[in-house]
Number of protein chains: 2
Amino acid sequence: MADAAPGDAAVPEVTFDTDPGRYRHWRLEVDGELAYLRLDVDEAGGLVPGYELKMNSYDLGVDIELYDASQRLRFSHPEVRAVVLTSAKDRNFCAGANIRMLAQSPHPWKVNFCKFTNETRNGIEDATAHSGQTWIAAVNGTAAGGGYEMALACEKILLLDDNSSAVSLPEVPLLGVLPGTGGLTRVTDKRHVRKDRADCFATRSEGARGKQAVEWKLVDEVVPKRAWDETVRERAAQAAAGSSRPAAGSGAVGVELPPLSPEVTADGIAYRHVRAVFDRERGLVEITVYGPEGDVPDTVERVHELGADFWALAMTRELDDLILRLRSNELELGTWVLRTRGDVEDALAFEHVISRYSIAEHGREADWLVNEIRHYFKRVLKRLDVTSRSLIALIEPGSCFAGSLLELALACDRQYMLDSLLEDDGEEGEPAQIVLSASNFGTFPMGNGLSRLSSRFWCGGSAMDDEGEHVARLRQETGRRIEAAEALELGLVTEAPDDIDWDDEVRIMLEERASLSPDALTGMEANLRFVGPETMESRIFSRLTAWQNWIFVRPNASGPDGALRRYGTGRRADFDRTRV
Amino acid sequence: MADAAPGDAAVPEVTFDTDPGRYRHWRLEVDGELAYLRLDVDEAGGLVPGYELKMNSYDLGVDIELYDASQRLRFSHPEVRAVVLTSAKDRNFCAGANIRMLAQSPHPWKVNFCKFTNETRNGIEDATAHSGQTWIAAVNGTAAGGGYEMALACEKILLLDDNSSAVSLPEVPLLGVLPGTGGLTRVTDKRHVRKDRADCFATRSEGARGKQAVEWKLVDEVVPKRAWDETVRERAAQAAAGSSRPAAGSGAVGVELPPLSPEVTADGIAYRHVRAVFDRERGLVEITVYGPEGDVPDTVERVHELGADFWALAMTRELDDLILRLRSNELELGTWVLRTRGDVEDALAFEHVISRYSIAEHGREADWLVNEIRHYFKRVLKRLDVTSRSLIALIEPGSCFAGSLLELALACDRQYMLDSLLEDDGEEGEPAQIVLSASNFGTFPMGNGLSRLSSRFWCGGSAMDDEGEHVARLRQETGRRIEAAEALELGLVTEAPDDIDWDDEVRIMLEERASLSPDALTGMEANLRFVGPETMESRIFSRLTAWQNWIFVRPNASGPDGALRRYGTGRRADFDRTRV
């Protein structure tokens, strides 16, 4: 890895496909409407050599399993209405991210690891908010740092009252870094811990337990040992009672998520509906998302029959997997060029199925599976928003950027649309077209709460639902095929070169992009993509993460005498006392 | 300077006292209700040796004069209702921060420089919003980077249409860093430039001019040369027409701001109402703000007679100056211990004068001077909020943390209040007391729009005016003297040790603080102080600044082959292409 900062342990090619049968670190048990997810880390099961995962600490591999479990609970277990996150180990709930792992990891690995763990915790909150699966943390031991942050992602936190179980954020005093998975933000913004108390809490390594933990709002309840199992079950059952999940006995059947098994070569990754071709010389990846083919399901039953083969779900899973692989494994491919390929009408027909069954407003109840697909695609789009790569959409004849697929283009930093036909192109005779649909007006909000259109045409309203005049006008344009000149006029694309200029303009733009400082681009894109308001979620990726990234590269943390490197050596860190 | 990163030019002891007679870089001309502030940088007038301030580029010294001018316009020129910011040089409006200066500056200098310039630009917006002095940028040449960002702080931007004048943000393509004074944020959040266009604009060094600059909303108007002077005057006069400043002929007389002339020694800085004592061994500064003494003015005329001697203004100026000096010159004093000393009743009496005349709600018009003092104290408190030092309030017998002075304590990361009397203390017999007043409920909002009480008791309301139940309850407690036990109960202080524990507890707390990583503290405090919502202003200090700080320490910018170091050498930067 090119970044030769602190530890330089070789980092492996990371894959994200797993399933409960292969978990090394988690035990998933479904008990009627409740699921128990127990952390039971295999010390020897680290993803990278060089550390042992003691005291239920985690690395990326542990978190990949947590992500997999959270996805399967949503798709394969319609009956589960509450999830208890707890530990299978005695006295240790979770010690957080493994410190030796962090100390030996290069800077980009640390940052990417934190991004993924943050997304997984946001996903847990998303399941609570949108899947009717409320996560409850049953903290039956010490929950330190990332361990407590995992609990913070849950809706309620129960803490065992045994004079040893405690919650803490010891990163600042012990490691000289911040809690990296939203701890500071969730403590104040979600749990409303008073900020001076949060300061005390986050600067003392022992954390809080018992009555004080409740009084400071760090946990919701402390429970004596004798009442533990029963209280946990009771609280989970209470959460389950209000769930929007299909009722027990509704006969809802989960969807299995088989392995994706893409074809991976040195030059790219190919799935069924998504293909990525690497161009190492130009430092870019060409990603093509293929639109739906074949019959559109005409009933919700048919969607369920298709399950993981339903195009929208299959494509979303593939795109998700691709984003994660590229982020972890292809650090020098700094630009992602996004295309779609397919029939606009087919894309809209599929889209119609999803919108018909995902939202209750159509006079019927939302279907749980279609709802899951919608929110999954939303989460994958959010991954794009926080991906530190330049994203460029190329909209060409034969593409199908329509409705929800148009969100892919809107998630990009720029959109180029070819005006008129390439004469020597063998395509059928239609020029490039895009179509707006209801999906573009709030079905897939960004982490800051805005639709991508509201973000694009941000007009400074203080309320998130004040979409402004131009977006309101665009609502009148839904359903129509919009060609390049009009798309440019409507502000939906950045440039619309004609076929004479297209190749050169695109080539030069990509060359220019590749010539810029990767760091400056990352910072610029993180600012421009998140225009306007912030939410707790977006604050985690901005205020918290950006500071953490700075701290990670500073010698006080990652230098040879820094706190992260010296942890566990018995030697105290040697700090440069300069305040910056 | 301990941080031995990129350039290691010796940095001087910085002072902030200046006046128009001593300006080297600006020309301030007052013409009735309009003021013209013309940038005319003296190339040889750099604050630090090693660079020339070519093409109207600036360094901290130039910005100190801009800050001084903006303050004097508010306090000494009640007649000025609009301010035209322009250049006295041909073809160069302003080239932004001097690049050689940036390249040679140590990391803490860069960060502190950006913080101050950001605060000054926020101050320009504050003058437009709250002083009835609307700033208009008359861009009569190229406005590049920080030059354009200076214009962005103005309410309107006029651009000369001469085929050469242009606005640009060339930092990303030329320097591998971000525009550091709010450019990206203001372009999207204030001017509502579409984000894909902002991406194009911020990645091309030549920027935009003429019609495109208007179409993209980068400027408000382009004006041909022949109509330039007249149009600028016209737009300024239009802005002046709606001003809340005293009407022409009202006889309002400005207040002179004489030099502060503190006594500066190796061990501290002493002003009339503010004293700072350095404790280098413990890495801290003990700051005492002395409350008002003597007669409280009983009329607004008396306030005007006192002018800069009016306690509230004098104290605010001194505190402002102290904060700026400590930030620039005392980087290793990482903890600021804040005390007040004085009579609670006197503090409240002064406070009453301010609240009576600063807000129109008391059945009379607000007095312009008292209004200025209020907003100035607000801005100084905001400086504390973004100061990268640990802030600890010690509330002891003899202190006067009442009303607006209580904001000083609430701006701190923690508040310690002594419960009961120190027996061997020679003070008169009253225990430490604090008093809430109307000032604590929104008179001095933080940059994120919250009062410090709403921030302290943040309850997650989506609207800024949803202060929550506890703050509403605290409104009932205004005007009463609150002793330590009750202050603790009400959540107004962090700890209330008794006289037996006080010394030890405070000593240990300060020792512990000093032992922590300065970087981790900076990141943690930046997160915990800004709980909840964000505004454009707070986003500039969070999303933008935190990313910029990260980019500043990365080799791609500041390494020997980085873009910032290689600028102007004729050699291109050699980037590590890894995306983080």
# chains A, B, ... in the order shown; residues from 1 in each chain; ligands from 1
call {"tool": "interface_residues", "arguments": {"of": "chain B", "to": "chain A", "cutoff": "6 Å", "atoms": "only C-alpha atoms", "output": "JSON list (two decimals) with N, CA, C and O atoms, in the first residue's frame"}}
result
[["chain", "number", "residue", "atom", "x", "y", "z"],
["B", 108, "PRO", "N", 0.49, 24.25, 12.62],
["B", 108, "PRO", "CA", -0.38, 25.02, 13.53],
["B", 108, "PRO", "C", -0.58, 26.46, 13.06],
["B", 108, "PRO", "O", -1.65, 27.04, 13.27],
["B", 172, "VAL", "N", -7.67, 23.55, -5.32],
["B", 172, "VAL", "CA", -7.58, 22.12, -5.61],
["B", 172, "VAL", "C", -6.65, 21.85, -6.79],
["B", 172, "VAL", "O", -5.69, 21.08, -6.67],
["B", 173, "PRO", "N", -6.85, 22.50, -7.95],
["B", 173, "PRO", "CA", -5.97, 22.18, -9.06],
["B", 173, "PRO", "C", -4.53, 22.68, -8.90],
["B", 173, "PRO", "O", -3.60, 22.03, -9.36],
["B", 176, "GLY", "N", -3.43, 21.63, -4.35],
["B", 176, "GLY", "CA", -3.72, 20.35, -3.69],
["B", 176, "GLY", "C", -4.31, 20.50, -2.30],
["B", 176, "GLY", "O", -4.22, 19.60, -1.48],
["B", 177, "VAL", "N", -4.91, 21.65, -2.03],
["B", 177, "VAL", "CA", -5.62, 21.85, -0.75],
["B", 177, "VAL", "C", -7.01, 22.40, -1.07],
["B", 177, "VAL", "O", -7.35, 22.66, -2.23],
["B", 189, "ASP", "N", -23.98, 26.77, -0.12],
["B", 189, "ASP", "CA", -24.98, 27.01, 0.91],
["B", 189, "ASP", "C", -25.50, 28.44, 0.93],
["B", 189, "ASP", "O", -26.63, 28.70, 1.32],
["B", 192, "HIS", "N", -25.95, 29.19, -3.49],
["B", 192, "HIS", "CA", -26.76, 28.15, -4.13],
["B", 192, "HIS", "C", -26.29, 27.82, -5.54],
["B", 192, "HIS", "O", -27.09, 27.56, -6.44],
["B", 194, "ARG", "N", -25.11, 25.25, -8.06],
["B", 194, "ARG", "CA", -25.39, 23.81, -8.17],
["B", 194, "ARG", "C", -24.12, 23.03, -7.90],
["B", 194, "ARG", "O", -23.04, 23.41, -8.36],
["B", 195, "LYS", "N", -24.23, 21.91, -7.21],
["B", 195, "LYS", "CA", -23.00, 21.29, -6.71],
["B", 195, "LYS", "C", -22.12, 20.71, -7.80],
["B", 195, "LYS", "O", -20.90, 20.68, -7.64],
["B", 196, "ASP", "N", -22.71, 20.26, -8.91],
["B", 196, "ASP", "CA", -21.83, 19.77, -9.98],
["B", 196, "ASP", "C", -21.08, 20.93, -10.64],
["B", 196, "ASP", "O", -19.92, 20.79, -11.03],
["B", 331, "LEU", "N", 1.09, 28.11, 22.03],
["B", 331, "LEU", "CA", 0.51, 26.87, 21.51],
["B", 331, "LEU", "C", 0.59, 25.71, 22.49],
["B", 331, "LEU", "O", -0.13, 24.74, 22.37],
["B", 332, "GLU", "N", 1.52, 25.82, 23.43],
["B", 332, "GLU", "CA", 1.69, 24.68, 24.34],
["B", 332, "GLU", "C", 0.91, 24.85, 25.64],
["B", 332, "GLU", "O", 0.97, 23.99, 26.50],
["B", 413, "ASP", "N", -15.67, 23.64, 28.49],
["B", 413, "ASP", "CA", -15.94, 22.21, 28.40],
["B", 413, "ASP", "C", -16.46, 21.65, 29.71],
["B", 413, "ASP", "O", -17.24, 20.70, 29.71],
["B", 414, "ARG", "N", -16.01, 22.23, 30.81],
["B", 414, "ARG", "CA", -16.50, 21.81, 32.12],
["B", 414, "ARG", "C", -16.60, 23.01, 33.05],
["B", 414, "ARG", "O", -15.85, 23.97, 32.90],
["B", 456, "ARG", "N", -26.23, 22.88, 25.80],
["B", 456, "ARG", "CA", -25.91, 22.06, 26.96],
["B", 456, "ARG", "C", -26.99, 21.02, 27.22],
["B", 456, "ARG", "O", -26.69, 19.87, 27.53],
["B", 457, "PHE", "N", -28.22, 21.44, 27.09],
["B", 457, "PHE", "CA", -29.33, 20.52, 27.38],
["B", 457, "PHE", "C", -30.01, 20.11, 26.08],
["B", 457, "PHE", "O", -31.23, 20.08, 25.97],
["B", 459, "CYS", "N", -31.86, 18.55, 23.26],
["B", 459, "CYS", "CA", -32.87, 17.50, 23.38],
["B", 459, "CYS", "C", -33.29, 16.97, 22.02],
["B", 459, "CYS", "O", -34.27, 16.24, 21.92],
["B", 516, "LEU", "N", -3.35, 14.32, 28.33],
["B", 516, "LEU", "CA", -4.01, 13.71, 27.17],
["B", 516, "LEU", "C", -3.43, 14.24, 25.86],
["B", 516, "LEU", "O", -2.79, 15.29, 25.83],
["B", 517, "SER", "N", -3.66, 13.49, 24.80],
["B", 517, "SER", "CA", -3.18, 13.91, 23.48],
["B", 517, "SER", "C", -3.82, 15.23, 23.07],
["B", 517, "SER", "O", -5.04, 15.33, 22.99],
["B", 518, "PRO", "N", -3.01, 16.25, 22.81],
["B", 518, "PRO", "CA", -3.56, 17.54, 22.39],
["B", 518, "PRO", "C", -4.43, 17.41, 21.13],
["B", 518, "PRO", "O", -5.45, 18.10, 21.01],
["B", 520, "ALA", "N", -6.17, 14.73, 20.09],
["B", 520, "ALA", "CA", -7.43, 14.06, 20.41],
["B", 520, "ALA", "C", -8.37, 15.02, 21.14],
["B", 520, "ALA", "O", -9.58, 15.04, 20.90],
["B", 523, "GLY", "N", -9.97, 17.41, 18.61],
["B", 523, "GLY", "CA", -11.05, 16.76, 17.88],
["B", 523, "GLY", "C", -12.27, 16.50, 18.75],
["B", 523, "GLY", "O", -13.41, 16.73, 18.34],
["B", 528, "LEU", "N", -17.86, 17.85, 20.78],
["B", 528, "LEU", "CA", -18.80, 17.98, 21.90],
["B", 528, "LEU", "C", -19.32, 19.41, 22.05],
["B", 528, "LEU", "O", -20.44, 19.61, 22.52],
["B", 532, "GLY", "N", -25.72, 18.70, 18.06],
["B", 532, "GLY", "CA", -26.96, 18.96, 17.35],
["B", 532, "GLY", "C", -26.83, 19.62, 15.99],
["B", 532, "GLY", "O", -26.01, 19.20, 15.18],
["B", 542, "SER", "N", -16.51, 22.81, 10.67],
["B", 542, "SER", "CA", -16.50, 21.36, 10.89],
["B", 542, "SER", "C", -16.15, 20.63, 9.61],
["B", 542, "SER", "O", -15.00, 20.28, 9.36],
["B", 543, "ARG", "N", -17.14, 20.46, 8.73],
["B", 543, "ARG", "CA", -16.90, 19.69, 7.51],
["B", 543, "ARG", "C", -15.71, 20.24, 6.73],
["B", 543, "ARG", "O", -14.83, 19.50, 6.32],
["B", 546, "ALA", "N", -12.12, 20.74, 9.15],
["B", 546, "ALA", "CA", -11.52, 19.50, 9.61],
["B", 546, "ALA", "C", -10.89, 18.75, 8.43],
["B", 546, "ALA", "O", -9.78, 18.20, 8.55],
["B", 547, "TRP", "N", -11.57, 18.75, 7.30],
["B", 547, "TRP", "CA", -10.96, 18.12, 6.11],
["B", 547, "TRP", "C", -9.71, 18.88, 5.69],
["B", 547, "TRP", "O", -8.69, 18.28, 5.32],
["B", 550, "TRP", "N", -6.76, 18.01, 7.75],
["B", 550, "TRP", "CA", -6.23, 16.70, 7.35],
["B", 550, "TRP", "C", -5.38, 16.84, 6.09],
["B", 550, "TRP", "O", -4.25, 16.34, 6.01],
["B", 577, "ARG", "N", -1.10, 8.39, -5.21],
["B", 577, "ARG", "CA", -2.43, 8.34, -5.84],
["B", 577, "ARG", "C", -3.45, 7.59, -4.99],
["B", 577, "ARG", "O", -4.61, 7.46, -5.37],
["B", 578, "THR", "N", -3.03, 7.09, -3.85],
["B", 578, "THR", "CA", -3.97, 6.36, -3.00],
["B", 578, "THR", "C", -5.12, 7.24, -2.56],
["B", 578, "THR", "O", -4.91, 8.33, -2.06],
["B", 579, "ARG", "N", -6.32, 6.72, -2.73],
["B", 579, "ARG", "CA", -7.49, 7.44, -2.25],
["B", 579, "ARG", "C", -7.80, 6.97, -0.83],
["B", 579, "ARG", "O", -7.87, 5.78, -0.57],
["B", 580, "VAL", "N", -7.97, 7.92, 0.06],
["B", 580, "VAL", "CA", -8.22, 7.59, 1.46],
["B", 580, "VAL", "C", -9.66, 7.95, 1.80],
["B", 580, "VAL", "O", -10.08, 9.06, 1.58]]
call {"tool": "residues_around", "arguments": {"residues": "B:Gly132", "least_positions_apart": "3", "cutoff": "6 Å", "atoms": "only C-alpha atoms", "output": "list of chain:residue names"}}
result
B:Arg81, B:Thr128, B:Ser243, B:Ser244, B:Arg245
call {"tool": "closest_residue", "arguments": {"among": "A:Ser57, A:Val223, A:Glu43, A:Leu102", "to": "A:Met150", "atoms": "only C-alpha atoms"}}
result
A:Ser57
call {"tool": "select_by_dssp", "arguments": {"residues": "stretch 49-279 of chain A", "states": "strand (DSSP E)", "output": "ChimeraX atom specification"}}
result
/A:57-58,82-87,91-94,96-97,134-139,141-144,156-161,167-168,221-224,263-265,268-270,274-279
call {"tool": "select_by_dssp", "arguments": {"residues": "stretch 72-296 of chain B", "states": "alpha helix (DSSP H)", "output": "PyMOL selection string"}}
result
chain B and resi 72-76+99-104+107-130+146-152+183-185+195-203+210-215+228-241
call {"tool": "write_last_selection", "arguments": {"atoms": "C-alpha atoms", "output": "CSV table (one decimal), in the first residue's frame"}}
result
chain,number,residue,atom,x,y,z
B,72,ARG,CA,-13.9,50.2,13.6
B,73,LEU,CA,-16.6,50.5,10.9
B,74,ARG,CA,-19.0,49.1,13.4
B,75,PHE,CA,-18.0,51.1,16.5
B,76,SER,CA,-16.6,54.3,15.1
B,99,ILE,CA,1.1,30.6,-1.2
B,100,ARG,CA,4.8,30.9,-0.3
B,101,MET,CA,3.6,32.0,3.1
B,102,LEU,CA,1.4,28.9,3.4
B,103,ALA,CA,4.1,26.6,2.0
B,104,GLN,CA,6.7,27.8,4.6
B,107,HIS,CA,0.9,23.2,10.4
B,108,PRO,CA,-0.4,25.0,13.5
B,109,TRP,CA,0.3,28.4,11.9
B,110,LYS,CA,-1.7,27.4,8.8
B,111,VAL,CA,-4.6,26.2,10.9
B,112,ASN,CA,-4.7,29.2,13.2
B,113,PHE,CA,-4.4,31.6,10.2
B,114,CYS,CA,-7.4,29.9,8.6
B,115,LYS,CA,-9.4,30.1,11.8
B,116,PHE,CA,-8.8,33.8,12.2
B,117,THR,CA,-9.5,34.6,8.5
B,118,ASN,CA,-12.7,32.5,8.8
B,119,GLU,CA,-13.8,34.4,11.9
B,120,THR,CA,-13.2,37.7,10.1
B,121,ARG,CA,-15.3,36.7,7.1
B,122,ASN,CA,-18.0,35.5,9.5
B,123,GLY,CA,-17.7,38.9,11.1
B,124,ILE,CA,-18.3,40.6,7.8
B,125,GLU,CA,-21.5,38.6,7.5
B,126,ASP,CA,-22.4,39.5,11.0
B,127,ALA,CA,-22.1,43.2,10.2
B,128,THR,CA,-24.4,42.8,7.3
B,129,ALA,CA,-26.9,40.8,9.4
B,130,HIS,CA,-26.8,42.7,12.7
B,146,GLY,CA,-9.1,33.5,-0.7
B,147,GLY,CA,-9.7,36.6,-2.8
B,148,TYR,CA,-13.0,35.2,-4.1
B,149,GLU,CA,-13.7,33.9,-0.6
B,150,MET,CA,-13.4,37.4,0.7
B,151,ALA,CA,-16.0,38.5,-1.8
B,152,LEU,CA,-18.2,35.5,-0.9
B,183,GLY,CA,-15.4,29.0,-0.3
B,184,LEU,CA,-16.9,25.6,-1.0
B,185,THR,CA,-19.5,26.0,1.7
B,195,LYS,CA,-23.0,21.3,-6.7
B,196,ASP,CA,-21.8,19.8,-10.0
B,197,ARG,CA,-21.0,23.3,-11.2
B,198,ALA,CA,-19.2,24.0,-8.0
B,199,ASP,CA,-17.2,20.8,-8.7
B,200,CYS,CA,-16.3,22.1,-12.1
B,201,PHE,CA,-15.5,25.6,-10.8
B,202,ALA,CA,-13.4,24.4,-7.9
B,203,THR,CA,-11.3,22.1,-10.1
B,210,GLY,CA,-18.7,37.3,-17.5
B,211,LYS,CA,-22.1,35.9,-18.2
B,212,GLN,CA,-21.2,32.4,-17.0
B,213,ALA,CA,-20.2,33.7,-13.6
B,214,VAL,CA,-23.7,35.2,-13.2
B,215,GLU,CA,-25.5,32.2,-14.7
B,228,TRP,CA,-18.5,50.5,-13.0
B,229,ASP,CA,-18.1,53.3,-10.4
B,230,GLU,CA,-21.6,54.4,-10.8
B,231,THR,CA,-23.1,50.9,-10.5
B,232,VAL,CA,-21.0,50.1,-7.5
B,233,ARG,CA,-22.1,53.3,-5.8
B,234,GLU,CA,-25.7,52.6,-6.7
B,235,ARG,CA,-25.8,49.1,-5.4
B,236,ALA,CA,-24.1,50.2,-2.2
B,237,ALA,CA,-26.7,53.0,-1.8
B,238,GLN,CA,-29.5,50.5,-2.4
B,239,ALA,CA,-28.1,48.4,0.4
B,240,ALA,CA,-27.7,51.4,2.6
B,241,ALA,CA,-31.3,52.4,2.1
call {"tool": "residues_around", "arguments": {"residues": "B:His352", "least_positions_apart": "2", "cutoff": "10 Å", "atoms": "only C-alpha atoms", "output": "PyMOL selection string"}}
result
chain B and resi 296+298+346-350+354-358+403-404+437-439
call {"tool": "write_last_selection", "arguments": {"atoms": "C-alpha atoms", "output": "PDB file, in the first residue's frame"}}
result
ATOM      1  CA  VAL B 296     -23.562  51.751  36.381  1.00  0.00           C
ATOM      2  CA  ASP B 298     -28.209  54.992  34.036  1.00  0.00           C
ATOM      3  CA  ASP B 346     -22.760  44.996  39.647  1.00  0.00           C
ATOM      4  CA  ALA B 347     -22.480  42.469  36.839  1.00  0.00           C
ATOM      5  CA  LEU B 348     -26.253  42.178  36.715  1.00  0.00           C
ATOM      6  CA  ALA B 349     -26.710  45.926  36.778  1.00  0.00           C
ATOM      7  CA  PHE B 350     -24.422  46.349  33.781  1.00  0.00           C
ATOM      8  CA  ILE B 354     -27.121  46.214  27.879  1.00  0.00           C
ATOM      9  CA  SER B 355     -30.309  44.262  27.651  1.00  0.00           C
ATOM     10  CA  ARG B 356     -32.388  47.411  28.075  1.00  0.00           C
ATOM     11  CA  TYR B 357     -30.826  49.152  25.084  1.00  0.00           C
ATOM     12  CA  SER B 358     -29.694  46.349  22.811  1.00  0.00           C
ATOM     13  CA  GLY B 403     -26.008  36.591  33.053  1.00  0.00           C
ATOM     14  CA  SER B 404     -23.760  37.387  30.143  1.00  0.00           C
ATOM     15  CA  SER B 437     -30.595  36.044  33.192  1.00  0.00           C
ATOM     16  CA  ALA B 438     -32.462  36.562  29.938  1.00  0.00           C
ATOM     17  CA  SER B 439     -29.031  36.831  28.291  1.00  0.00           C
TER      18      SER B 439
END
call {"tool": "residues_around", "arguments": {"residues": "stretch 82-88 of chain B", "least_positions_apart": "3", "cutoff": "8 Å", "atoms": "only C-alpha atoms", "output": "list in words"}}
result
Glu33, Leu34, Ala35, Tyr36, Leu37, Arg38, Leu39, Asp40, Asn92, Phe93, Cys94, Gly132, Gln133, Thr134, Trp135, Ile136, Ala137, Ala138, Val139, Asn140, Gly141, Ala151, Val232, Ala236, Ala237, Ala239 and Ala240 of chain B
call {"tool": "write_last_selection", "arguments": {"atoms": "N, CA, C and O atoms", "output": "short mmCIF file (atom, residue, chain, number, x, y, z; two decimals), in the first residue's frame"}}
result
data_model
loop_
_atom_site.label_atom_id
_atom_site.label_comp_id
_atom_site.auth_asym_id
_atom_site.auth_seq_id
_atom_site.Cartn_x
_atom_site.Cartn_y
_atom_site.Cartn_z
N GLU B 33 -22.70 57.84 3.98
CA GLU B 33 -23.24 56.57 4.46
C GLU B 33 -22.50 55.37 3.88
O GLU B 33 -22.76 54.23 4.26
N LEU B 34 -21.58 55.62 2.95
CA LEU B 34 -20.82 54.52 2.35
C LEU B 34 -19.37 54.55 2.82
O LEU B 34 -18.80 55.61 3.03
N ALA B 35 -18.81 53.36 2.97
CA ALA B 35 -17.37 53.27 3.20
C ALA B 35 -16.76 52.44 2.08
O ALA B 35 -17.39 51.50 1.59
N TYR B 36 -15.58 52.82 1.68
CA TYR B 36 -14.83 52.04 0.69
C TYR B 36 -13.60 51.48 1.40
O TYR B 36 -12.83 52.23 2.00
N LEU B 37 -13.46 50.18 1.31
CA LEU B 37 -12.28 49.55 1.89
C LEU B 37 -11.51 48.94 0.72
O LEU B 37 -12.00 48.00 0.06
N ARG B 38 -10.33 49.51 0.45
CA ARG B 38 -9.59 49.10 -0.75
C ARG B 38 -8.33 48.34 -0.36
O ARG B 38 -7.51 48.85 0.41
N LEU B 39 -8.22 47.18 -0.94
CA LEU B 39 -7.05 46.35 -0.67
C LEU B 39 -5.89 46.83 -1.54
O LEU B 39 -6.01 46.93 -2.76
N ASP B 40 -4.79 47.10 -0.88
CA ASP B 40 -3.63 47.66 -1.60
C ASP B 40 -2.39 47.12 -0.89
O ASP B 40 -1.66 47.85 -0.22
N ASN B 92 -5.93 43.30 -10.23
CA ASN B 92 -5.93 42.29 -9.16
C ASN B 92 -6.87 42.71 -8.07
O ASN B 92 -6.59 43.67 -7.34
N PHE B 93 -7.94 41.98 -7.93
CA PHE B 93 -8.78 42.22 -6.76
C PHE B 93 -8.04 41.66 -5.54
O PHE B 93 -7.65 42.39 -4.64
N CYS B 94 -7.80 40.37 -5.56
CA CYS B 94 -7.03 39.76 -4.48
C CYS B 94 -6.70 38.33 -4.90
O CYS B 94 -7.57 37.58 -5.34
N GLY B 132 -26.49 46.55 10.31
CA GLY B 132 -26.98 47.44 9.26
C GLY B 132 -25.87 47.97 8.39
O GLY B 132 -25.99 49.01 7.76
N GLN B 133 -24.75 47.28 8.37
CA GLN B 133 -23.65 47.63 7.46
C GLN B 133 -23.52 46.50 6.45
O GLN B 133 -22.93 45.45 6.75
N THR B 134 -24.07 46.70 5.29
CA THR B 134 -24.06 45.65 4.27
C THR B 134 -22.78 45.75 3.45
O THR B 134 -22.47 46.81 2.91
N TRP B 135 -22.07 44.64 3.39
CA TRP B 135 -20.83 44.62 2.62
C TRP B 135 -21.12 44.19 1.19
O TRP B 135 -21.85 43.23 0.94
N ILE B 136 -20.54 44.95 0.26
CA ILE B 136 -20.67 44.69 -1.17
C ILE B 136 -19.26 44.48 -1.73
O ILE B 136 -18.39 45.31 -1.47
N ALA B 137 -19.07 43.40 -2.45
CA ALA B 137 -17.76 43.19 -3.08
C ALA B 137 -17.79 43.77 -4.48
O ALA B 137 -18.63 43.40 -5.29
N ALA B 138 -16.87 44.66 -4.74
CA ALA B 138 -16.72 45.23 -6.09
C ALA B 138 -15.44 44.65 -6.67
O ALA B 138 -14.34 45.16 -6.45
N VAL B 139 -15.61 43.53 -7.38
CA VAL B 139 -14.45 42.75 -7.83
C VAL B 139 -13.94 43.33 -9.15
O VAL B 139 -14.45 43.04 -10.21
N ASN B 140 -12.93 44.15 -9.02
CA ASN B 140 -12.39 44.90 -10.17
C ASN B 140 -11.05 44.31 -10.62
O ASN B 140 -10.07 45.03 -10.77
N GLY B 141 -11.03 43.00 -10.82
CA GLY B 141 -9.80 42.33 -11.23
C GLY B 141 -9.96 40.85 -10.91
O GLY B 141 -11.07 40.39 -10.64
N ALA B 151 -14.83 37.98 -1.18
CA ALA B 151 -16.03 38.50 -1.84
C ALA B 151 -17.26 37.70 -1.42
O ALA B 151 -18.35 38.26 -1.24
N VAL B 232 -21.45 50.46 -8.81
CA VAL B 232 -21.02 50.07 -7.47
C VAL B 232 -21.64 51.01 -6.44
O VAL B 232 -22.22 50.57 -5.42
N ALA B 236 -24.43 49.97 -3.59
CA ALA B 236 -24.13 50.23 -2.18
C ALA B 236 -25.21 51.13 -1.58
O ALA B 236 -25.67 50.90 -0.45
N ALA B 237 -25.63 52.11 -2.34
CA ALA B 237 -26.66 53.02 -1.84
C ALA B 237 -27.98 52.27 -1.64
O ALA B 237 -28.71 52.52 -0.66
N ALA B 239 -28.26 49.14 -0.86
CA ALA B 239 -28.11 48.36 0.37
C ALA B 239 -28.24 49.27 1.59
O ALA B 239 -28.86 48.90 2.60
N ALA B 240 -27.67 50.45 1.49
CA ALA B 240 -27.70 51.39 2.62
C ALA B 240 -29.13 51.82 2.94
O ALA B 240 -29.48 52.05 4.11
#
